[in-house]
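Undergrad: Quick one, my_file14.cif (mmCIF, C-alpha atoms):
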data_my_file
loop_
_atom_site.group_PDB
_atom_site.id
_atom_site.type_symbol
_atom_site.label_atom_id
_atom_site.label_comp_id
_atom_site.auth_asym_id
_atom_site.auth_seq_id
_atom_site.Cartn_x
_atom_site.Cartn_y
_atom_site.Cartn_z
ATOM 1 C CA MET K 1 85.018 107.301 120.365
ATOM 2 C CA ILE K 2 86.355 105.795 117.149
ATOM 3 C CA ARG K 3 85.143 107.184 113.845
ATOM 4 C CA LEU K 4 85.481 104.465 111.211
ATOM 5 C CA TYR K 5 85.628 105.617 107.595
ATOM 6 C CA PHE K 6 84.213 102.606 105.844
ATOM 7 C CA HIS K 7 83.352 100.967 102.545
ATOM 8 C CA PRO K 8 82.281 97.281 102.435
ATOM 9 C CA THR K 9 85.557 95.877 101.135
ATOM 10 C CA PRO K 10 88.143 93.545 102.730
ATOM 11 C CA ASN K 11 90.433 96.030 104.457
ATOM 12 C CA PRO K 12 87.704 98.060 106.191
ATOM 13 C CA ALA K 13 86.020 94.771 107.158
ATOM 14 C CA LYS K 14 89.094 93.784 109.209
ATOM 15 C CA VAL K 15 88.816 96.954 111.256
ATOM 16 C CA ALA K 16 85.075 96.532 111.725
ATOM 17 C CA LEU K 17 85.764 93.025 113.021
ATOM 18 C CA PHE K 18 88.304 94.284 115.557
ATOM 19 C CA LEU K 19 85.943 96.994 116.799
ATOM 20 C CA GLU K 20 83.180 94.438 117.268
ATOM 21 C CA GLU K 21 85.491 91.932 118.946
ATOM 22 C CA ALA K 22 86.897 94.538 121.324
ATOM 23 C CA GLY K 23 83.548 96.158 122.104
ATOM 24 C CA LEU K 24 84.890 99.630 121.391
ATOM 25 C CA ALA K 25 82.404 102.435 120.910
ATOM 26 C CA TYR K 26 82.512 103.606 117.307
ATOM 27 C CA GLU K 27 80.523 105.331 114.624
ATOM 28 C CA THR K 28 80.611 104.402 110.969
ATOM 29 C CA ILE K 29 81.156 107.120 108.378
ATOM 30 C CA PRO K 30 80.457 105.773 104.869
ATOM 31 C CA VAL K 31 82.926 106.619 102.130
ATOM 32 C CA ASP K 32 81.481 105.586 98.775
ATOM 33 C CA THR K 33 84.598 104.846 96.780
ATOM 34 C CA SER K 34 82.563 104.110 93.639
ATOM 35 C CA LYS K 35 81.412 107.732 93.732
ATOM 36 C CA GLY K 36 84.928 109.032 94.352
ATOM 37 C CA GLU K 37 84.289 110.233 97.898
ATOM 38 C CA GLN K 38 87.750 109.002 98.898
ATOM 39 C CA HIS K 39 89.221 111.799 96.776
ATOM 40 C CA HIS K 40 87.361 114.627 98.510
ATOM 41 C CA PRO K 41 89.668 117.066 100.324
ATOM 42 C CA SER K 42 87.840 116.420 103.590
ATOM 43 C CA PHE K 43 88.751 112.727 103.423
ATOM 44 C CA ARG K 44 92.265 113.333 102.094
ATOM 45 C CA ALA K 45 92.860 115.324 105.277
ATOM 46 C CA ILE K 46 92.285 112.036 107.131
ATOM 47 C CA ASN K 47 94.064 109.731 104.702
ATOM 48 C CA PRO K 48 96.338 111.520 102.224
ATOM 49 C CA ASN K 49 96.475 108.279 100.217
ATOM 50 C CA GLY K 50 92.730 108.413 99.529
ATOM 51 C CA LYS K 51 91.999 104.858 100.650
ATOM 52 C CA VAL K 52 89.702 103.231 103.188
ATOM 53 C CA PRO K 53 89.762 102.323 105.989
ATOM 54 C CA ALA K 54 90.847 105.200 108.151
ATOM 55 C CA ILE K 55 89.908 106.106 111.689
ATOM 56 C CA ILE K 56 89.795 109.122 113.917
ATOM 57 C CA ASP K 57 90.268 108.351 117.592
ATOM 58 C CA THR K 58 88.774 111.253 119.515
ATOM 59 C CA ASP K 59 90.660 110.039 122.601
ATOM 60 C CA GLY K 60 94.084 109.358 121.156
ATOM 61 C CA PRO K 61 97.489 109.529 122.841
ATOM 62 C CA GLY K 62 97.575 112.234 125.458
ATOM 63 C CA GLY K 63 93.827 112.641 125.145
ATOM 64 C CA ARG K 64 94.248 114.312 121.762
ATOM 65 C CA LYS K 65 92.398 113.428 118.581
ATOM 66 C CA ALA K 66 94.433 111.086 116.372
ATOM 67 C CA ARG K 67 94.078 109.830 112.831
ATOM 68 C CA VAL K 68 95.272 106.416 111.707
ATOM 69 C CA PHE K 69 95.151 105.120 108.146
ATOM 70 C CA ASP K 70 95.998 101.762 106.535
ATOM 71 C CA SER K 71 94.196 98.700 107.896
ATOM 72 C CA THR K 72 97.319 97.093 109.371
ATOM 73 C CA ALA K 73 98.348 100.289 111.151
ATOM 74 C CA ILE K 74 94.809 100.616 112.496
ATOM 75 C CA LEU K 75 94.747 97.036 113.781
ATOM 76 C CA ILE K 76 98.075 97.489 115.560
ATOM 77 C CA TYR K 77 97.013 100.849 116.989
ATOM 78 C CA LEU K 78 93.681 99.586 118.296
ATOM 79 C CA ALA K 79 95.192 96.377 119.684
ATOM 80 C CA GLU K 80 97.814 98.384 121.567
ATOM 81 C CA LYS K 81 95.223 100.913 122.730
ATOM 82 C CA THR K 82 93.006 98.196 124.190
ATOM 83 C CA GLY K 83 95.620 95.568 125.038
ATOM 84 C CA LYS K 84 93.531 92.997 123.175
ATOM 85 C CA PHE K 85 94.278 90.449 120.442
ATOM 86 C CA LEU K 86 98.045 91.066 120.483
ATOM 87 C CA GLY K 87 99.035 87.589 121.569
ATOM 88 C CA ALA K 88 101.777 86.966 124.112
ATOM 89 C CA PRO K 89 104.638 89.492 124.370
ATOM 90 C CA ASN K 90 107.170 86.946 123.168
ATOM 91 C CA ASP K 91 105.058 86.414 120.039
ATOM 92 C CA ARG K 92 105.559 90.028 118.940
ATOM 93 C CA PRO K 93 108.181 89.267 116.235
ATOM 94 C CA GLU K 94 105.905 86.638 114.680
ATOM 95 C CA LEU K 95 102.869 88.916 114.921
ATOM 96 C CA LEU K 96 104.598 91.746 113.086
ATOM 97 C CA SER K 97 106.026 89.367 110.496
ATOM 98 C CA TRP K 98 102.684 87.805 109.584
ATOM 99 C CA LEU K 99 100.817 91.107 109.685
ATOM 100 C CA LEU K 100 103.276 92.551 107.175
ATOM 101 C CA PHE K 101 103.175 89.351 105.114
ATOM 102 C CA ILE K 102 99.431 89.886 104.734
ATOM 103 C CA ALA K 103 99.716 93.642 104.261
ATOM 104 C CA SER K 104 102.448 93.528 101.621
ATOM 105 C CA GLY K 105 101.742 90.172 99.988
ATOM 106 C CA LEU K 106 98.547 88.240 100.461
ATOM 107 C CA GLY K 107 96.328 91.335 100.479
ATOM 108 C CA PRO K 108 97.753 93.280 97.513
ATOM 109 C CA PHE K 109 98.187 90.228 95.301
ATOM 110 C CA SER K 110 94.637 89.124 96.124
ATOM 111 C CA GLY K 111 93.359 92.578 95.237
ATOM 112 C CA GLN K 112 95.222 92.643 91.942
ATOM 113 C CA ALA K 113 94.065 89.109 91.132
ATOM 114 C CA VAL K 114 90.478 90.273 91.584
ATOM 115 C CA HIS K 115 91.098 93.400 89.517
ATOM 116 C CA PHE K 116 92.618 91.640 86.535
ATOM 117 C CA GLN K 117 90.025 88.849 86.528
ATOM 118 C CA PHE K 118 86.967 91.066 86.961
ATOM 119 C CA ALA K 119 87.736 94.686 86.081
ATOM 120 C CA ALA K 120 90.607 94.871 83.608
ATOM 121 C CA PRO K 121 90.134 94.742 79.810
ATOM 122 C CA GLU K 122 90.363 91.403 78.017
ATOM 123 C CA GLY K 123 93.694 90.300 76.603
ATOM 124 C CA LEU K 124 95.839 90.649 79.717
ATOM 125 C CA ALA K 125 96.431 86.945 80.308
ATOM 126 C CA TYR K 126 99.958 87.486 81.604
ATOM 127 C CA ALA K 127 98.743 89.847 84.342
ATOM 128 C CA VAL K 128 95.819 87.573 85.224
ATOM 129 C CA ASN K 129 98.173 84.613 85.594
ATOM 130 C CA ARG K 130 100.830 86.613 87.436
ATOM 131 C CA TYR K 131 98.578 88.005 90.153
ATOM 132 C CA ARG K 132 96.381 84.960 90.632
ATOM 133 C CA ARG K 133 99.353 82.612 90.926
ATOM 134 C CA GLU K 134 101.113 84.925 93.380
ATOM 135 C CA ALA K 135 97.950 85.167 95.491
ATOM 136 C CA GLU K 136 97.777 81.376 95.492
ATOM 137 C CA ARG K 137 101.458 81.164 96.434
ATOM 138 C CA HIS K 138 100.761 83.371 99.453
ATOM 139 C CA TYR K 139 97.820 81.135 100.321
ATOM 140 C CA GLN K 140 100.181 78.159 100.257
ATOM 141 C CA VAL K 141 102.777 79.841 102.476
ATOM 142 C CA LEU K 142 100.151 80.587 105.094
ATOM 143 C CA ASN K 143 98.552 77.158 104.711
ATOM 144 C CA ASP K 144 101.905 75.446 105.324
ATOM 145 C CA HIS K 145 102.504 77.580 108.414
ATOM 146 C CA LEU K 146 99.072 76.667 109.781
ATOM 147 C CA ALA K 147 99.675 72.930 109.416
ATOM 148 C CA GLY K 148 100.886 72.806 113.013
ATOM 149 C CA ASN K 149 99.118 75.845 114.394
ATOM 150 C CA ASP K 150 95.518 76.621 115.307
ATOM 151 C CA PHE K 151 96.086 80.341 114.762
ATOM 152 C CA ILE K 152 98.603 82.365 112.794
ATOM 153 C CA VAL K 153 100.520 83.584 115.839
ATOM 154 C CA GLY K 154 100.912 81.740 119.135
ATOM 155 C CA ASP K 155 98.044 79.885 120.739
ATOM 156 C CA THR K 156 95.331 82.542 120.584
ATOM 157 C CA TYR K 157 93.225 84.527 118.152
ATOM 158 C CA THR K 158 94.977 87.781 117.208
ATOM 159 C CA ILE K 159 94.818 90.688 114.806
ATOM 160 C CA ALA K 160 96.821 88.543 112.360
ATOM 161 C CA ASP K 161 93.867 86.176 112.047
ATOM 162 C CA MET K 162 91.483 89.114 111.625
ATOM 163 C CA SER K 163 93.700 90.546 108.921
ATOM 164 C CA ALA K 164 93.819 87.276 107.001
ATOM 165 C CA TRP K 165 90.049 86.787 107.354
ATOM 166 C CA GLY K 166 89.350 90.041 105.525
ATOM 167 C CA TRP K 167 90.914 88.811 102.309
ATOM 168 C CA LEU K 168 90.163 85.090 102.652
ATOM 169 C CA ASP K 169 86.514 86.102 102.662
ATOM 170 C CA ARG K 170 87.033 87.023 98.991
ATOM 171 C CA ALA K 171 88.709 83.769 97.985
ATOM 172 C CA SER K 172 85.945 82.983 95.485
ATOM 173 C CA ARG K 173 86.909 86.114 93.568
ATOM 174 C CA VAL K 174 90.658 85.668 93.961
ATOM 175 C CA ARG K 175 90.352 82.109 92.601
ATOM 176 C CA LYS K 176 87.656 82.872 90.028
ATOM 177 C CA GLY K 177 85.789 79.791 88.833
ATOM 178 C CA ALA K 178 86.882 77.502 91.683
ATOM 179 C CA ASP K 179 83.952 75.572 93.185
ATOM 180 C CA ASP K 180 85.628 75.487 96.604
ATOM 181 C CA PRO K 181 88.388 78.097 96.444
ATOM 182 C CA LEU K 182 90.071 77.179 99.733
ATOM 183 C CA ALA K 183 89.903 73.419 99.207
ATOM 184 C CA PRO K 184 93.572 73.116 98.132
ATOM 185 C CA TYR K 185 94.554 74.873 101.368
ATOM 186 C CA PRO K 186 92.851 72.864 104.134
ATOM 187 C CA HIS K 187 94.622 74.518 107.069
ATOM 188 C CA LEU K 188 93.870 77.967 105.699
ATOM 189 C CA LYS K 189 90.260 76.932 105.157
ATOM 190 C CA ARG K 190 90.052 75.732 108.754
ATOM 191 C CA LEU K 191 91.353 79.064 110.024
ATOM 192 C CA PHE K 192 88.918 81.005 107.874
ATOM 193 C CA HIS K 193 85.945 79.021 109.146
ATOM 194 C CA THR K 194 87.173 79.318 112.741
ATOM 195 C CA VAL K 195 87.208 83.106 112.475
ATOM 196 C CA ASP K 196 84.094 83.301 110.325
ATOM 197 C CA ALA K 197 82.084 81.414 112.964
ATOM 198 C CA ARG K 198 82.744 84.047 115.632
ATOM 199 C CA PRO K 199 79.682 86.096 116.690
ATOM 200 C CA ALA K 200 81.561 89.341 116.068
ATOM 201 C CA VAL K 201 81.836 88.453 112.383
ATOM 202 C CA VAL K 202 78.062 88.560 112.027
ATOM 203 C CA ARG K 203 78.048 92.059 113.501
ATOM 204 C CA ALA K 204 81.015 93.150 111.388
ATOM 205 C CA ARG K 205 79.287 91.978 108.222
ATOM 206 C CA ALA K 206 76.313 94.166 109.107
ATOM 207 C CA VAL K 207 78.422 97.331 109.297
ATOM 208 C CA GLY K 208 77.409 99.749 106.560
ATOM 209 C CA ARG K 209 74.354 97.809 105.450
ATOM 210 C CA ASP K 210 72.146 100.742 106.319
ATOM 211 C CA HIS K 211 73.930 102.850 103.702
ATOM 212 C CA ASN K 212 73.128 102.598 99.996
ATOM 213 C CA PHE K 213 76.600 102.273 98.493
ATOM 214 C CA LYS K 214 76.779 102.617 94.730
ATOM 215 C CA LYS K 215 76.839 99.248 92.968
ATOM 216 C CA VAL K 216 76.785 100.272 89.299
ATOM 217 C CA ASN K 217 80.148 99.845 87.567
ATOM 218 C CA ASP K 218 79.903 102.781 85.170
ATOM 219 C CA GLU K 219 82.441 105.296 83.884
ATOM 220 C CA GLU K 220 82.206 107.369 87.072
ATOM 221 C CA THR K 221 83.036 104.277 89.124
ATOM 222 C CA LYS K 222 86.030 103.351 86.966
ATOM 223 C CA ARG K 223 87.449 106.860 87.156
ATOM 224 C CA ALA K 224 86.900 106.920 90.928
ATOM 225 C CA LEU K 225 88.465 103.532 91.630
ATOM 226 C CA PHE K 226 91.248 103.562 89.037
ATOM 227 C CA PRO K 227 92.183 107.216 88.515
ATOM 228 C CA SER K 228 95.728 106.373 87.417
ATOM 229 C CA ASN K 229 94.238 104.780 84.286
ATOM 230 C CA TYR K 230 93.064 108.196 83.119
ATOM 231 C CA PRO K 231 94.978 111.356 82.190
ATOM 232 C CA PRO K 232 94.897 114.028 84.887
ATOM 233 C CA THR K 233 92.261 116.700 84.443
ATOM 234 C CA ALA K 234 93.331 120.268 83.984
#
So that I can check it, write out the structure of this file as structure tokens.
TA:
Amino acid sequence: MIRLYFHPTPNPAKVALFLEEAGLAYETIPVDTSKGEQHHPSFRAINPNGKVPAIIDTDGPGGRKARVFDSTAILIYLAEKTGKFLGAPNDRPELLSWLLFIASGLGPFSGQAVHFQFAAPEGLAYAVNRYRREAERHYQVLNDHLAGNDFIVGDTYTIADMSAWGWLDRASRVRKGADDPLAPYPHLKRLFHTVDARPAVVRARAVGRDHNFKKVNDEETKRALFPSNYPPTA
């Protein structure tokens, strides 16, 4: 059994998609990051970094319980555990390269672009421009790669496509104000719609809907999500 520690944001959504695609038995454990639940000692014992997603595999290596945190690590772990969505063996170098491209580039720059356009104080035009343009540059790199490829790696749908889908789903926030945010990247848009049309996506989008996550962006939320902006408490 997989225990998925979840909040409805892009990185947990990737893992939910894999679990639905693979048909693995799992239970969802909500972690309301707007309430600061990611900082509770009980969750820090699962992910010392205090981020979602994280999983506990009750049947890990050697039959022992295992924790895995970071969405890319989880995708690789689950793909290796099940033997699914890894692509061909000779595609392994490309798979790792694109997974880390998303994990270290497209994802973080997208997240910071959203933060500085929607959450940061006014008057930070340099940061807004920096992160949005870098997110768009990563979009272009992936779009150019997809010009001759149906999927990111090899000839089949893999965890690289799932990983990209998680953040491309937020393109309207990354490219704030754009009527059709993926229009300048037609190959990337094609990939997104290919993944988004899969039946497992519908099920993945439903994960966590039965939980009332906090939606008010008040002082508690800001301190929970951006604790480094505040002096440490005694």
Undergrad: For the PyMOL selection byres ((chain K and resi 163) around 8), applied here, can you spell out every residue it catches as number ranges by chain?
TA: K: 11, 14, 72, 99, 102, 159-162, 164-167
Undergrad: Skipping near chain neighbours, those fewer than 4 positions away, what residues fall within 9 Å of range 133-139 of chain K using all atoms listed in the file, listed as a PyMOL selection string?
TA: chain K and resi 101-102+105-113+128-129+143-144+168+174-175+182+185+188
Undergrad: Record the distance separating CA of Ala147 in chain K and CA of Pro12 in chain K, expressed in Å with one decimal.
TA: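 Between CA of Ala147 in chain K and CA of Pro12 in chain K the gap works out to 28.0 Å.
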Undergrad: Kindly give the distance, in Å, that separates CA of Phe116 in chain K and CA of Val15 in chain K, rounded to a single decimal.
TA: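 About the pair CA of Phe116 in chain K and CA of Val15 in chain K: they are 25.6 Å apart.
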Undergrad: To one decimal place, how far is CA of Gly62 in chain K from CA of Thr158 in chain K in Å?
TA: 25.9 Å
Undergrad: Using 4 Å of padding on each side, determine the axis-aligned box around all atoms of range 68-86 of chain K present in the file and give its centre and edge lengths in Å to one decimal, as JSON.
TA:
{"center_x": 95.7, "center_y": 98.4, "center_z": 115.8, "size_x": 13.3, "size_y": 24.0, "size_z": 26.5}
Undergrad: Please write as a list in words the full residue list that the PyMOL selection byres ((chain K and resi 39) around 10) yields on this file.
TA: Val31, Thr33, Lys35, Gly36, Glu37, Gln38, His40, Pro41, Ser42, Phe43, Arg44, Ala45, Asn47, Pro48, Asn49, Gly50, Lys51, Ala224, Leu225 and Pro227 of chain K
Undergrad: Put those residues in a file: C-alpha atoms, as a PDB file, in the coordinates of the input.
TA:
ATOM      1  CA  VAL K  31      82.926 106.619 102.130  1.00  0.00           C
ATOM      2  CA  THR K  33      84.598 104.846  96.780  1.00  0.00           C
ATOM      3  CA  LYS K  35      81.412 107.732  93.732  1.00  0.00           C
ATOM      4  CA  GLY K  36      84.928 109.032  94.352  1.00  0.00           C
ATOM      5  CA  GLU K  37      84.289 110.233  97.898  1.00  0.00           C
ATOM      6  CA  GLN K  38      87.750 109.002  98.898  1.00  0.00           C
ATOM      7  CA  HIS K  40      87.361 114.627  98.510  1.00  0.00           C
ATOM      8  CA  PRO K  41      89.668 117.066 100.324  1.00  0.00           C
ATOM      9  CA  SER K  42      87.840 116.420 103.590  1.00  0.00           C
ATOM     10  CA  PHE K  43      88.751 112.727 103.423  1.00  0.00           C
ATOM     11  CA  ARG K  44      92.265 113.333 102.094  1.00  0.00           C
ATOM     12  CA  ALA K  45      92.860 115.324 105.277  1.00  0.00           C
ATOM     13  CA  ASN K  47      94.064 109.731 104.702  1.00  0.00           C
ATOM     14  CA  PRO K  48      96.338 111.520 102.224  1.00  0.00           C
ATOM     15  CA  ASN K  49      96.475 108.279 100.217  1.00  0.00           C
ATOM     16  CA  GLY K  50      92.730 108.413  99.529  1.00  0.00           C
ATOM     17  CA  LYS K  51      91.999 104.858 100.650  1.00  0.00           C
ATOM     18  CA  ALA K 224      86.900 106.920  90.928  1.00  0.00           C
ATOM     19  CA  LEU K 225      88.465 103.532  91.630  1.00  0.00           C
ATOM     20  CA  PRO K 227      92.183 107.216  88.515  1.00  0.00           C
TER      21      PRO K 227
END
Undergrad: Which residue out of K:Ile56, K:Ser97, K:Arg205, K:Ile29 has the minimum interatomic distance to Ile2 in chain K when only C-alpha atoms are used?
TA: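 Nearest to Ile2 in chain K: K:Ile56.
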Undergrad: Select all residues near (90.9, 94.8, 122.0) (cut-off 8 Å, inclusive, file coordinates), counting all atoms listed in the file, and output them as a list of chain:residue names.
TA: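 Neighbouring residues, ordered by chain and number, come to K:Phe18, K:Leu19, K:Glu21, K:Ala22, K:Gly23, K:Leu24, K:Leu78, K:Ala79, K:Glu80, K:Lys81, K:Thr82, K:Gly83, K:Lys84, K:Phe85.
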Undergrad: Could you state which residues are captured by the PyMOL selection byres ((chain K and resi 210) around 12) in this file, as a list in words?
TA: His7, Pro8, Thr28, Ile29, Pro30, Arg205, Ala206, Val207, Gly208, Arg209, His211, Asn212 and Phe213 of chain K
Undergrad: Could you check the closest approach to His115 in chain K for each of K:Arg223, K:Arg132, K:His193, K:Arg67 and tell me which residue wins, using only C-alpha atoms?
TA: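 The closest residue to His115 in chain K is K:Arg132.
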Undergrad: So which one's closest to Tyr5 in chain K, K:Leu96, K:Ser34, K:Gly60, K:Phe69? Using all atoms listed in the file, please.
TA: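 Answer, going by the shortest atom-to-atom distance: K:Phe69.
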